[in-house]
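Notes for the one structure printed next.
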Amino acid sequence: MQDLLYFIQQLINGLTIGSTYALIAIGYTMVYGIIGMINFAHGEIYMIGAYTSLIAITGLAALGIAWLPLVLIVALICAMIVSSSMGWAVERVAYRPVRGKHRLIPLISAIGMSIFLQNYVHLAQGSRNIGFPDLIEGGFRFGAADSFQTSISYIQITIFITTLVCMTILSLFISRSRIGRACRAVSQDLGMANLLGIDTNRIISATFVIGAALAAVAGLLLGMYYGSIDPLFGFIAGLKAFTAAVLGGIGSIPGAMLGGLILGVAESMTSGYLSGEYKDVVSFGLLILILLFKPTGLLGKPEVEKI
Amino acid sequence: MSTPVKKLVTAIGTSIAVMGAGHAAAEIKIGIAGPMTGPVAQYGDMQFAGARMAIEQINAEGGVMGEKLVAVEYDDVCDPKQAVSVANSMVNEGVRFVVGHLCSSSTQPASDIYEDEGILMITPASTSPAITERGYELVFRTIGLDSMQGPVAANYLISQEPDRVAVVHDKQQYGEGIATAVRDTLEEGGVEVAMFEGITAGAKDFSSLVTKLRQADVDYVYYGGYHPELGLILRQAQQADLDATFMGPEGVGNKDINTIAGDAAEGLLVTLPPSFDEKAENQALVQAFEEKGEDPSGPFVLTSYTAVQLIADGIEAAESTDPFDVAEALREGTFQTPIGTVEYDSKGDMESFEFVVYEWHSDGSKTPVN
């Protein structure tokens with residue numbers, strides 16, 4: 001019984017982290033699906049989302065507004081607006097001018113953008129860790145009081161529900177809306193979509209904006225869950241989310257969701273049953289294995305060379 | 001004054017000056033190397049304030065063997081590359097005694113140059129054991145070692161008679177070194193170490209670790225590392241209702257941990273060098289700092305003061321300004337300083353350096369634990 005409760009606890013921990021990986025991974029996978037490049041600055045967009053929401057929360061607290069749902073919604077909206085504009089601006093400034101060139105060029109441009117944004121936040125906000133206020137406290141407990149109890153906190157529940165809602169909205173948006181249909185068309189064949197009268201530049205911008213908005217959601221959620229943020233924390237999260245995207249099949253949105261969850265659970269089980277030291281070994285080991293044996297990822301479609 | 005007399009006076013003046021210069025260079029240069037700028041400049045300020053005060057006071061009392069001390073200051077930004085170029089500048093300036101550097105990673109490369117060039121160096125802040133492990137003759141310190149701190153923490157834990165203790169570290173030289181020392185001492189003392197595990201420095205999610213600690217049902221958790229990670233562990237442990245007391249080395253004992261951990265930092269145990277400025281025998285010195293508008297309470301102010309004093313005492317004991325003679329005098333002698341009685345072993349480490357266990361509070365203050 002004890003062991004089962006322990007297992008469930010580690011599963012909950014893993015799913016929590018995994019669902020936020022999934023939110024960030026969407027940004028990688030959508031951009032890759034449409035223009036075939038890896039947006040390495042995406043982790044920084046997520047970090048900026050976390051900083052913006054913290055600034056918004058602090059600002060509201062200074063104004064004396066403490067009603068939690070309002071604080072969260074305002075913080076979320078601020079973060080989404082700032083991150084989305086960043087995502088749009090990054091694409092406009094760093095990627096559009098080099099689009100269609102050799103594939104290494106946008107990649108290097110992306111890495112440069114990532115370094116620029118990290119250092120920009122470094123300068124603007126300082127390099128120290130900044131604490132996030134405890135907004136959502138408490139949770140449920142299961143199991144006998146005198147032995148190990150499985151706990152699920154309200155913040156974990158908030159993370160699950162928010163992720164689920166975001167994913168549902170995104171799926172509906174992609175499958176039902178006009179822009180969503182255009183997105184799918186552009187991802188199948190950019191040139192053809194262009195000929196059929198789709199404003200591909202607009203669609204590509206929209207992809208960056210959507211990915212950045214989801215990253216901002218993850219920034220706020222993880223900021224609250226972890227408790228502190230610093231200018232470099234987007235980098236590792238970005239790498240993990242990128243791994244999740246590749247694991248699920250880069251270019252596939254359900255794949256990013258699945259990849260995020262698998263990666264999160266794999267990490268927490270490794271720290272739970274092996275040792276925390278092997279956490280990153282396992283997650284990046286998984287990346288190498290999947291690239292070796294199933295380069296298209298779990299749900300990815302094999303790429304057909306267009307002639 | 002008529003012209004011939006003026007000429008005569010000038011001539012006498014010049015000849016005295018020439019004689020003075022010829023007479024053993026008339027002054028002893030003390031190099032002070034540490035970070036004046038950069039992320040740890042606040043520690044550098046402590047070092048410079050302490051060393052300048054010592055030079056001022058020694059000169060006021062007539063200097064060393066009748067010669068004045070002169071400070072030669074350089075900024076190494078706590079950057080290893082900069083430290084090397086600072087060390088070369090010291091050589092070019094003809095400095096033979098250096099108080100510095102501050103960061104272990106700067107002290108290590110700079111000390112290679114000092115040793116080669118015959119310059120005596122006393123670091124007031126670098127605690128890495130590796131610095132004195134290379135058999136250098138001219139390297140000393142006025143601070144303890146990481147390996148001394150672990151046993152102090154472990155012995156305190158043993159005295160609390162815990163059932164089970166977990167030891168966690170950040171896999172870095174400093175953190176893992178201290179954590180290993182703590183584990184070994186605990187095991188020798190018959191305490192069960194239920195867990196010995198590393199985390200990744202810079203990681204943010206410790207929910208799995210906290211779950212594991214809860215299952216291991218430990219009374220105490222020792223953490224070897226720095227405040228950003230421990231702050232998050234404390235916070236996530238509080239959220240998960242982990243019922244254990246945390247303890248850490250001086251790397252976690254600064255106010256930044258309060259901004260990360262908030263209330264969760266209350267009751268954290270930290271080993272730190274004792275507050276030298278609170279000792280009764282140092283009150284005159286503390287007052288001298290306060291008259292200059294400087295704060296003597298930082299951990300490296302009085303260790304830097306002591307480093308200068310030891311150089312002066314060493315020169316007088318050796319009756320020579322040759323760094324090798326002074327080094328020998330320092331190894332042989334016993335010196336009374338503001339940080340207590342100093343005796344050196346053959347490596348240049350102090351024979352004993354006290355660490356004290358403090359209880360940390362959520363407002364950033366601390367109280368000693370007996």
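Each chain in the structure tokens gets a letter, A, B, ..., in the order shown, and its residues are numbered from 1; ligands are numbered from 1 in order too.
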
Notebook entry, point to check: Within 12 Å of Thr334 of chain B, counting only C-alpha atoms, which residues qualify if same-chain residues fewer than 3 places away don't, as an MDAnalysis selection string?
Noted result: chainID B and resid 310 313:314 317 328:331 337 340:345 350:351

Writing out the chosen residues with N, CA and C atoms as a JSON list (two decimals), in the first residue's frame:
[["chain", "number", "residue", "atom", "x", "y", "z"],
["B", 310, "LEU", "N", 49.17, 39.67, 9.65],
["B", 310, "LEU", "CA", 50.07, 38.52, 9.65],
["B", 310, "LEU", "C", 51.31, 38.79, 8.80],
["B", 313, "ASP", "N", 53.42, 41.02, 10.99],
["B", 313, "ASP", "CA", 54.01, 40.24, 12.09],
["B", 313, "ASP", "C", 55.08, 39.28, 11.57],
["B", 314, "GLY", "N", 54.78, 38.68, 10.42],
["B", 314, "GLY", "CA", 55.72, 37.73, 9.83],
["B", 314, "GLY", "C", 57.04, 38.41, 9.47],
["B", 317, "ALA", "N", 58.89, 39.11, 12.66],
["B", 317, "ALA", "CA", 59.43, 37.89, 13.27],
["B", 317, "ALA", "C", 60.64, 37.39, 12.48],
["B", 328, "GLU", "N", 58.40, 31.24, 6.30],
["B", 328, "GLU", "CA", 58.94, 30.33, 7.32],
["B", 328, "GLU", "C", 58.53, 30.82, 8.72],
["B", 329, "ALA", "N", 58.63, 32.15, 8.92],
["B", 329, "ALA", "CA", 58.25, 32.71, 10.22],
["B", 329, "ALA", "C", 56.78, 32.46, 10.51],
["B", 330, "LEU", "N", 55.93, 32.57, 9.47],
["B", 330, "LEU", "CA", 54.50, 32.35, 9.67],
["B", 330, "LEU", "C", 54.23, 30.90, 10.06],
["B", 331, "ARG", "N", 54.96, 29.96, 9.44],
["B", 331, "ARG", "CA", 54.75, 28.55, 9.75],
["B", 331, "ARG", "C", 55.20, 28.22, 11.16],
["B", 337, "THR", "N", 45.51, 37.48, 16.72],
["B", 337, "THR", "CA", 44.88, 38.35, 15.71],
["B", 337, "THR", "C", 43.40, 38.54, 16.06],
["B", 340, "GLY", "N", 41.38, 35.48, 16.31],
["B", 340, "GLY", "CA", 41.82, 34.48, 17.28],
["B", 340, "GLY", "C", 43.30, 34.16, 17.10],
["B", 341, "THR", "N", 43.74, 33.09, 17.77],
["B", 341, "THR", "CA", 45.13, 32.69, 17.69],
["B", 341, "THR", "C", 45.35, 31.95, 16.38],
["B", 342, "VAL", "N", 46.38, 32.40, 15.63],
["B", 342, "VAL", "CA", 46.63, 31.77, 14.33],
["B", 342, "VAL", "C", 47.92, 30.97, 14.38],
["B", 343, "GLU", "N", 47.81, 29.70, 14.01],
["B", 343, "GLU", "CA", 49.00, 28.86, 13.83],
["B", 343, "GLU", "C", 48.84, 28.16, 12.50],
["B", 344, "TYR", "N", 49.94, 28.03, 11.74],
["B", 344, "TYR", "CA", 49.83, 27.41, 10.43],
["B", 344, "TYR", "C", 50.42, 26.01, 10.41],
["B", 345, "ASP", "N", 49.81, 25.14, 9.61],
["B", 345, "ASP", "CA", 50.41, 23.83, 9.37],
["B", 345, "ASP", "C", 51.33, 23.95, 8.15],
["B", 350, "MET", "N", 45.21, 27.15, 8.42],
["B", 350, "MET", "CA", 45.21, 27.38, 9.87],
["B", 350, "MET", "C", 44.99, 26.06, 10.58],
["B", 351, "GLU", "N", 45.68, 25.90, 11.73],
["B", 351, "GLU", "CA", 45.55, 24.65, 12.47],
["B", 351, "GLU", "C", 44.11, 24.44, 12.91]]

Check: Which neighbours of segment 284-288 of chain A fall inside 9 Å, counting only C-alpha atoms, when residues of the same chain fewer than 4 positions from it are skipped, and could you give them as a PyMOL selection string?
Finding: chain A and resi 240+243-244+246-247+263+279-280+292-293

Note to self: Which residues are near Leu232 of chain B? Cut-off 10 Å, only C-alpha atoms, ignore same chain within fewer than 6 positions. Put them as a list in words.
What the structure shows: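 Near neighbours after the sequence-gap exclusion: Gly131, Tyr226, Gly227 and Ser228 of chain A; Ala203, Lys204, Asp205, Phe206, Ser207, Gln238, Ile257, Ile260, Ala261, Gly262, Ala264 and Ala265 of chain B.
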
Based on the selection just made, write N, CA, C and O atoms of those residues as a PDB file, in the first residue's frame.
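Saved as out_9.pdb:
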ATOM      1  N   GLY A 131      11.971  35.346  -5.988  1.00  0.00           N
ATOM      2  CA  GLY A 131      10.942  34.470  -5.437  1.00  0.00           C
ATOM      3  C   GLY A 131       9.567  34.840  -5.963  1.00  0.00           C
ATOM      4  O   GLY A 131       9.265  36.001  -6.179  1.00  0.00           O
ATOM      5  N   TYR A 226       7.210  26.152  -8.916  1.00  0.00           N
ATOM      6  CA  TYR A 226       8.584  26.040  -8.420  1.00  0.00           C
ATOM      7  C   TYR A 226       8.861  27.015  -7.293  1.00  0.00           C
ATOM      8  O   TYR A 226       9.491  26.670  -6.304  1.00  0.00           O
ATOM      9  N   GLY A 227       8.467  28.259  -7.490  1.00  0.00           N
ATOM     10  CA  GLY A 227       8.685  29.246  -6.443  1.00  0.00           C
ATOM     11  C   GLY A 227       9.748  30.278  -6.719  1.00  0.00           C
ATOM     12  O   GLY A 227       9.853  31.244  -5.999  1.00  0.00           O
ATOM     13  N   SER A 228      10.587  30.093  -7.731  1.00  0.00           N
ATOM     14  CA  SER A 228      11.518  31.172  -8.056  1.00  0.00           C
ATOM     15  C   SER A 228      11.854  31.138  -9.535  1.00  0.00           C
ATOM     16  O   SER A 228      11.744  30.105 -10.186  1.00  0.00           O
TER      17      SER A 228
ATOM     18  N   ALA B 203      18.549  23.365 -11.329  1.00  0.00           N
ATOM     19  CA  ALA B 203      17.235  22.745 -11.513  1.00  0.00           C
ATOM     20  C   ALA B 203      16.203  23.495 -10.672  1.00  0.00           C
ATOM     21  O   ALA B 203      16.552  24.221  -9.746  1.00  0.00           O
ATOM     22  N   LYS B 204      14.940  23.333 -11.049  1.00  0.00           N
ATOM     23  CA  LYS B 204      13.884  24.058 -10.349  1.00  0.00           C
ATOM     24  C   LYS B 204      12.873  23.115  -9.719  1.00  0.00           C
ATOM     25  O   LYS B 204      12.168  23.489  -8.801  1.00  0.00           O
ATOM     26  N   ASP B 205      12.751  21.925 -10.260  1.00  0.00           N
ATOM     27  CA  ASP B 205      11.694  21.035  -9.789  1.00  0.00           C
ATOM     28  C   ASP B 205      12.278  20.001  -8.841  1.00  0.00           C
ATOM     29  O   ASP B 205      13.071  19.167  -9.240  1.00  0.00           O
ATOM     30  N   PHE B 206      11.900  20.088  -7.563  1.00  0.00           N
ATOM     31  CA  PHE B 206      12.421  19.137  -6.593  1.00  0.00           C
ATOM     32  C   PHE B 206      11.293  18.301  -5.994  1.00  0.00           C
ATOM     33  O   PHE B 206      11.438  17.737  -4.921  1.00  0.00           O
ATOM     34  N   SER B 207      10.156  18.210  -6.709  1.00  0.00           N
ATOM     35  CA  SER B 207       9.013  17.493  -6.133  1.00  0.00           C
ATOM     36  C   SER B 207       9.336  16.017  -5.920  1.00  0.00           C
ATOM     37  O   SER B 207       8.945  15.439  -4.909  1.00  0.00           O
ATOM     38  N   GLN B 238       8.037  22.572   2.215  1.00  0.00           N
ATOM     39  CA  GLN B 238       6.989  23.124   3.071  1.00  0.00           C
ATOM     40  C   GLN B 238       5.619  22.882   2.451  1.00  0.00           C
ATOM     41  O   GLN B 238       4.673  22.510   3.137  1.00  0.00           O
ATOM     42  N   ILE B 257      18.334  33.726   0.309  1.00  0.00           N
ATOM     43  CA  ILE B 257      17.536  32.512   0.524  1.00  0.00           C
ATOM     44  C   ILE B 257      16.142  32.894   1.020  1.00  0.00           C
ATOM     45  O   ILE B 257      15.171  32.181   0.764  1.00  0.00           O
ATOM     46  N   ILE B 260      13.740  33.676  -1.831  1.00  0.00           N
ATOM     47  CA  ILE B 260      13.273  32.491  -2.558  1.00  0.00           C
ATOM     48  C   ILE B 260      12.353  31.656  -1.678  1.00  0.00           C
ATOM     49  O   ILE B 260      11.259  31.281  -2.071  1.00  0.00           O
ATOM     50  N   ALA B 261      12.806  31.366  -0.462  1.00  0.00           N
ATOM     51  CA  ALA B 261      12.075  30.412   0.361  1.00  0.00           C
ATOM     52  C   ALA B 261      10.989  31.067   1.200  1.00  0.00           C
ATOM     53  O   ALA B 261      10.048  30.403   1.623  1.00  0.00           O
ATOM     54  N   GLY B 262      11.080  32.373   1.461  1.00  0.00           N
ATOM     55  CA  GLY B 262      10.082  33.033   2.301  1.00  0.00           C
ATOM     56  C   GLY B 262      10.059  32.436   3.696  1.00  0.00           C
ATOM     57  O   GLY B 262      11.101  32.207   4.307  1.00  0.00           O
ATOM     58  N   ALA B 264       9.581  29.516   4.627  1.00  0.00           N
ATOM     59  CA  ALA B 264      10.154  28.176   4.732  1.00  0.00           C
ATOM     60  C   ALA B 264      11.602  28.213   5.213  1.00  0.00           C
ATOM     61  O   ALA B 264      12.149  27.194   5.632  1.00  0.00           O
ATOM     62  N   ALA B 265      12.243  29.407   5.174  1.00  0.00           N
ATOM     63  CA  ALA B 265      13.630  29.499   5.626  1.00  0.00           C
ATOM     64  C   ALA B 265      13.727  29.528   7.146  1.00  0.00           C
ATOM     65  O   ALA B 265      14.817  29.379   7.707  1.00  0.00           O
TER      66      ALA B 265
END

Margin query: Counting only C-alpha atoms, a student should be able to say which residues of chain B come within 8 Å of chain A; what is the right answer, written as a list of chain:residue names?
Written below: B:Glu197, B:Gly198, B:Ile199, B:Thr200, B:Gly202, B:Lys204, B:Asp205, B:Ser207, B:Ser208, B:Leu209, B:Thr211, B:Lys212, B:Arg214, B:Gln215, B:Pro228, B:Leu232, B:Arg235, B:Gln236, B:Gln239, B:Ala240, B:Asp256, B:Thr259, B:Ile260, B:Ala261, B:Gly262

Item checked: segment 189-200 of chain A environment, 12 Å, only C-alpha atoms, sequence neighbours closer than 3 positions dropped, as a PyMOL selection string -> chain A and resi 33-36+96+100+178-186+203-207+304-307

Next item on the list: State, in Å with one decimal place, the distance from atom CA of Ile315 of chain B to atom CA of Phe289 of chain B.
Entry: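 Between atom CA of Ile315 of chain B and atom CA of Phe289 of chain B the gap works out to 25.1 Å.
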
Check: What is the atom CA of Leu69 of chain B to atom CA of Gln309 of chain B distance in Å?
Finding: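 Spanning atom CA of Leu69 of chain B to atom CA of Gln309 of chain B is a straight-line distance of 10.9 Å.
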
Notebook entry, point to check: Please, what distance in Å, to one decimal, runs between atom CA of Gln172 of chain B and atom CA of Phe140 of chain B?
Noted result: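 Atom-to-atom, atom CA of Gln172 of chain B and atom CA of Phe140 of chain B are spaced 23.9 Å apart.
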
Next item on the list: If you run DSSP over the backbone, which residues in segment 47-279 of chain A end up helix (DSSP H, G or I)? Put them as a count of residues only.
Entry: 179

Note to self: To test your reading of the structure, identify every residue in segment 57-161 of chain B that backbone DSSP assigns to strand (DSSP E or B), and report it as a PyMOL selection string.
What the structure shows: chain B and resi 64+67-75+97-100+120-123+139-141

Compile the contact shell of Val74 of chain A as an mmCIF file with all heavy atoms, in the first residue's frame: residues with an atom at most 9 Å away, counting only C-alpha atoms, same-chain residues fewer than 2 positions apart removed.
data_model
loop_
_atom_site.group_PDB
_atom_site.id
_atom_site.type_symbol
_atom_site.label_atom_id
_atom_site.label_comp_id
_atom_site.auth_asym_id
_atom_site.auth_seq_id
_atom_site.Cartn_x
_atom_site.Cartn_y
_atom_site.Cartn_z
ATOM 1 N N SER A 53 4.511 37.796 -15.754
ATOM 2 C CA SER A 53 3.414 37.515 -14.824
ATOM 3 C C SER A 53 3.823 37.895 -13.403
ATOM 4 O O SER A 53 3.003 38.412 -12.647
ATOM 5 C CB SER A 53 2.981 36.050 -14.915
ATOM 6 O OG SER A 53 4.077 35.204 -14.761
ATOM 7 N N ALA A 56 3.385 41.557 -13.114
ATOM 8 C CA ALA A 56 1.956 41.888 -13.026
ATOM 9 C C ALA A 56 1.427 41.586 -11.627
ATOM 10 O O ALA A 56 0.703 42.404 -11.041
ATOM 11 C CB ALA A 56 1.176 41.111 -14.076
ATOM 12 N N ILE A 57 1.817 40.426 -11.069
ATOM 13 C CA ILE A 57 1.326 40.051 -9.734
ATOM 14 C C ILE A 57 1.816 41.061 -8.699
ATOM 15 O O ILE A 57 1.052 41.539 -7.851
ATOM 16 C CB ILE A 57 1.807 38.626 -9.367
ATOM 17 C CG1 ILE A 57 1.081 37.596 -10.231
ATOM 18 C CG2 ILE A 57 1.567 38.339 -7.894
ATOM 19 C CD1 ILE A 57 1.659 36.204 -10.143
ATOM 20 N N LEU A 60 -0.130 44.322 -9.081
ATOM 21 C CA LEU A 60 -1.485 44.245 -8.531
ATOM 22 C C LEU A 60 -1.443 44.291 -7.013
ATOM 23 O O LEU A 60 -2.268 44.944 -6.374
ATOM 24 C CB LEU A 60 -2.177 42.965 -8.996
ATOM 25 C CG LEU A 60 -2.607 42.935 -10.461
ATOM 26 C CD1 LEU A 60 -3.177 41.575 -10.810
ATOM 27 C CD2 LEU A 60 -3.646 44.013 -10.738
ATOM 28 N N PRO A 69 -8.566 34.975 -8.210
ATOM 29 C CA PRO A 69 -8.873 34.718 -9.629
ATOM 30 C C PRO A 69 -8.543 35.928 -10.506
ATOM 31 O O PRO A 69 -7.989 35.772 -11.606
ATOM 32 C CB PRO A 69 -10.385 34.466 -9.616
ATOM 33 C CG PRO A 69 -10.675 34.013 -8.239
ATOM 34 C CD PRO A 69 -9.715 34.710 -7.340
ATOM 35 N N LEU A 70 -8.819 37.134 -9.997
ATOM 36 C CA LEU A 70 -8.522 38.331 -10.779
ATOM 37 C C LEU A 70 -7.016 38.472 -10.991
ATOM 38 O O LEU A 70 -6.551 38.725 -12.110
ATOM 39 C CB LEU A 70 -9.082 39.567 -10.064
ATOM 40 C CG LEU A 70 -8.852 40.869 -10.822
ATOM 41 C CD1 LEU A 70 -9.744 40.940 -12.062
ATOM 42 C CD2 LEU A 70 -9.104 42.081 -9.936
ATOM 43 N N VAL A 71 -6.255 38.274 -9.900
ATOM 44 C CA VAL A 71 -4.803 38.399 -9.985
ATOM 45 C C VAL A 71 -4.262 37.433 -11.035
ATOM 46 O O VAL A 71 -3.470 37.802 -11.909
ATOM 47 C CB VAL A 71 -4.160 38.115 -8.610
ATOM 48 C CG1 VAL A 71 -2.645 38.018 -8.743
ATOM 49 C CG2 VAL A 71 -4.526 39.192 -7.612
ATOM 50 N N LEU A 72 -4.730 36.170 -10.965
ATOM 51 C CA LEU A 72 -4.219 35.165 -11.888
ATOM 52 C C LEU A 72 -4.572 35.500 -13.331
ATOM 53 O O LEU A 72 -3.731 35.393 -14.222
ATOM 54 C CB LEU A 72 -4.772 33.784 -11.524
ATOM 55 C CG LEU A 72 -4.192 33.171 -10.249
ATOM 56 C CD1 LEU A 72 -4.748 31.777 -10.033
ATOM 57 C CD2 LEU A 72 -2.675 33.126 -10.326
ATOM 58 N N LEU A 76 -1.997 36.345 -16.198
ATOM 59 C CA LEU A 76 -1.965 35.469 -17.367
ATOM 60 C C LEU A 76 -2.097 36.285 -18.649
ATOM 61 O O LEU A 76 -1.338 36.090 -19.606
ATOM 62 C CB LEU A 76 -3.108 34.455 -17.256
ATOM 63 C CG LEU A 76 -3.048 33.290 -18.228
ATOM 64 C CD1 LEU A 76 -1.810 32.465 -17.958
ATOM 65 C CD2 LEU A 76 -4.287 32.422 -18.082
ATOM 66 N N ILE A 77 -3.049 37.223 -18.645
ATOM 67 C CA ILE A 77 -3.268 38.019 -19.859
ATOM 68 C C ILE A 77 -2.043 38.877 -20.160
ATOM 69 O O ILE A 77 -1.571 38.933 -21.302
ATOM 70 C CB ILE A 77 -4.547 38.877 -19.706
ATOM 71 C CG1 ILE A 77 -5.781 37.951 -19.720
ATOM 72 C CG2 ILE A 77 -4.658 39.893 -20.831
ATOM 73 C CD1 ILE A 77 -7.079 38.629 -19.423
ATOM 74 N N CYS A 78 -1.486 39.519 -19.126
ATOM 75 C CA CYS A 78 -0.284 40.334 -19.345
ATOM 76 C C CYS A 78 0.825 39.470 -19.934
ATOM 77 O O CYS A 78 1.488 39.854 -20.911
ATOM 78 C CB CYS A 78 0.214 40.927 -18.026
ATOM 79 S SG CYS A 78 -0.836 42.211 -17.394
ATOM 80 N N ALA A 79 1.048 38.291 -19.317
ATOM 81 C CA ALA A 79 2.133 37.433 -19.772
ATOM 82 C C ALA A 79 1.913 37.010 -21.215
ATOM 83 O O ALA A 79 2.842 37.011 -22.025
ATOM 84 C CB ALA A 79 2.234 36.208 -18.868
#

Margin query: With only C-alpha atoms as the counted atoms, please give the residues lying no more than 12 Å from Leu285 of chain B, apart from itself and same-chain residues fewer than 6 positions off, as JSON, numbers by chain.
Written below: {"B": [50, 53, 54, 57, 276, 277, 278, 279, 291, 292, 294, 295, 296, 297, 301, 302, 305, 306, 337, 338, 339]}

Just write the chosen residues, N, CA, C and O atoms, as an mmCIF file, in the first residue's frame.
data_model
loop_
_atom_site.group_PDB
_atom_site.id
_atom_site.type_symbol
_atom_site.label_atom_id
_atom_site.label_comp_id
_atom_site.auth_asym_id
_atom_site.auth_seq_id
_atom_site.Cartn_x
_atom_site.Cartn_y
_atom_site.Cartn_z
ATOM 1 N N GLY B 50 38.761 45.937 5.109
ATOM 2 C CA GLY B 50 39.544 45.317 6.180
ATOM 3 C C GLY B 50 41.038 45.529 5.978
ATOM 4 O O GLY B 50 41.766 45.917 6.909
ATOM 5 N N MET B 53 42.168 49.229 6.450
ATOM 6 C CA MET B 53 42.177 49.611 7.859
ATOM 7 C C MET B 53 43.447 49.104 8.531
ATOM 8 O O MET B 53 44.096 49.827 9.300
ATOM 9 N N ALA B 54 43.825 47.860 8.235
ATOM 10 C CA ALA B 54 45.017 47.291 8.871
ATOM 11 C C ALA B 54 46.251 48.085 8.458
ATOM 12 O O ALA B 54 47.109 48.417 9.301
ATOM 13 N N GLN B 57 46.300 51.420 10.289
ATOM 14 C CA GLN B 57 46.629 51.331 11.718
ATOM 15 C C GLN B 57 48.089 50.971 11.931
ATOM 16 O O GLN B 57 48.736 51.498 12.843
ATOM 17 N N PHE B 276 33.200 37.699 14.147
ATOM 18 C CA PHE B 276 34.386 38.202 14.849
ATOM 19 C C PHE B 276 34.138 39.589 15.426
ATOM 20 O O PHE B 276 34.728 39.969 16.420
ATOM 21 N N ASP B 277 33.259 40.359 14.779
ATOM 22 C CA ASP B 277 33.039 41.723 15.243
ATOM 23 C C ASP B 277 32.278 41.767 16.562
ATOM 24 O O ASP B 277 32.177 42.813 17.177
ATOM 25 N N GLU B 278 31.737 40.619 16.999
ATOM 26 C CA GLU B 278 31.017 40.634 18.275
ATOM 27 C C GLU B 278 31.909 40.255 19.447
ATOM 28 O O GLU B 278 31.487 40.278 20.593
ATOM 29 N N LYS B 279 33.162 39.863 19.166
ATOM 30 C CA LYS B 279 34.070 39.491 20.252
ATOM 31 C C LYS B 279 34.464 40.722 21.064
ATOM 32 O O LYS B 279 34.721 41.789 20.495
ATOM 33 N N GLU B 291 33.828 54.540 12.937
ATOM 34 C CA GLU B 291 34.178 55.954 12.811
ATOM 35 C C GLU B 291 34.426 56.320 11.353
ATOM 36 O O GLU B 291 34.199 57.450 10.932
ATOM 37 N N LYS B 292 34.908 55.359 10.583
ATOM 38 C CA LYS B 292 35.129 55.624 9.154
ATOM 39 C C LYS B 292 33.862 55.382 8.336
ATOM 40 O O LYS B 292 33.882 55.464 7.118
ATOM 41 N N GLU B 294 32.318 52.468 8.045
ATOM 42 C CA GLU B 294 32.346 51.161 7.390
ATOM 43 C C GLU B 294 31.765 50.096 8.312
ATOM 44 O O GLU B 294 31.793 50.226 9.535
ATOM 45 N N ASP B 295 31.261 49.046 7.691
ATOM 46 C CA ASP B 295 30.593 47.992 8.450
ATOM 47 C C ASP B 295 31.562 46.837 8.686
ATOM 48 O O ASP B 295 32.000 46.211 7.723
ATOM 49 N N PRO B 296 31.932 46.555 9.931
ATOM 50 C CA PRO B 296 32.902 45.487 10.188
ATOM 51 C C PRO B 296 32.275 44.103 10.295
ATOM 52 O O PRO B 296 32.982 43.130 10.571
ATOM 53 N N SER B 297 30.956 43.987 10.066
ATOM 54 C CA SER B 297 30.301 42.715 10.388
ATOM 55 C C SER B 297 30.375 41.693 9.258
ATOM 56 O O SER B 297 30.057 40.534 9.457
ATOM 57 N N VAL B 301 35.791 40.957 6.416
ATOM 58 C CA VAL B 301 36.452 42.213 6.809
ATOM 59 C C VAL B 301 37.628 41.911 7.733
ATOM 60 O O VAL B 301 38.766 42.300 7.465
ATOM 61 N N LEU B 302 37.343 41.185 8.803
ATOM 62 C CA LEU B 302 38.421 40.965 9.777
ATOM 63 C C LEU B 302 39.393 39.878 9.328
ATOM 64 O O LEU B 302 40.546 39.882 9.753
ATOM 65 N N TYR B 305 41.751 42.009 7.388
ATOM 66 C CA TYR B 305 42.559 42.778 8.347
ATOM 67 C C TYR B 305 43.664 41.882 8.891
ATOM 68 O O TYR B 305 44.836 42.250 8.940
ATOM 69 N N THR B 306 43.271 40.665 9.274
ATOM 70 C CA THR B 306 44.228 39.719 9.840
ATOM 71 C C THR B 306 45.319 39.353 8.845
ATOM 72 O O THR B 306 46.487 39.214 9.214
ATOM 73 N N THR B 337 45.512 37.485 16.716
ATOM 74 C CA THR B 337 44.878 38.346 15.715
ATOM 75 C C THR B 337 43.402 38.545 16.063
ATOM 76 O O THR B 337 42.882 37.850 16.943
ATOM 77 N N PRO B 338 42.736 39.456 15.367
ATOM 78 C CA PRO B 338 41.297 39.660 15.640
ATOM 79 C C PRO B 338 40.456 38.405 15.384
ATOM 80 O O PRO B 338 39.348 38.307 15.911
ATOM 81 N N ILE B 339 40.939 37.454 14.586
ATOM 82 C CA ILE B 339 40.134 36.249 14.372
ATOM 83 C C ILE B 339 40.597 35.123 15.297
ATOM 84 O O ILE B 339 40.242 33.966 15.104
#

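Distance annotation: of A:Ile262, A:Ile290, A:Ile81, A:Ala245, the residue with the minimal separation from Ala213 of chain A is A:Ile81; atom set is only C-alpha atoms.
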
Next item on the list: Find the spatial neighbours of Val139 of chain B, counting only C-alpha atoms, within a cut-off of 9 Å - ignore same-chain residues fewer than 4 positions away - and output them as a VMD selection string.
Entry: chain B and resid 111 114 to 115 119 to 123 131 to 132 135 327 347 to 349

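Considering only C-alpha atoms, the residue among B:Ser352, B:Thr107, B:Gln336, B:Ser147 positioned nearest to Ala125 of chain B is B:Thr107.
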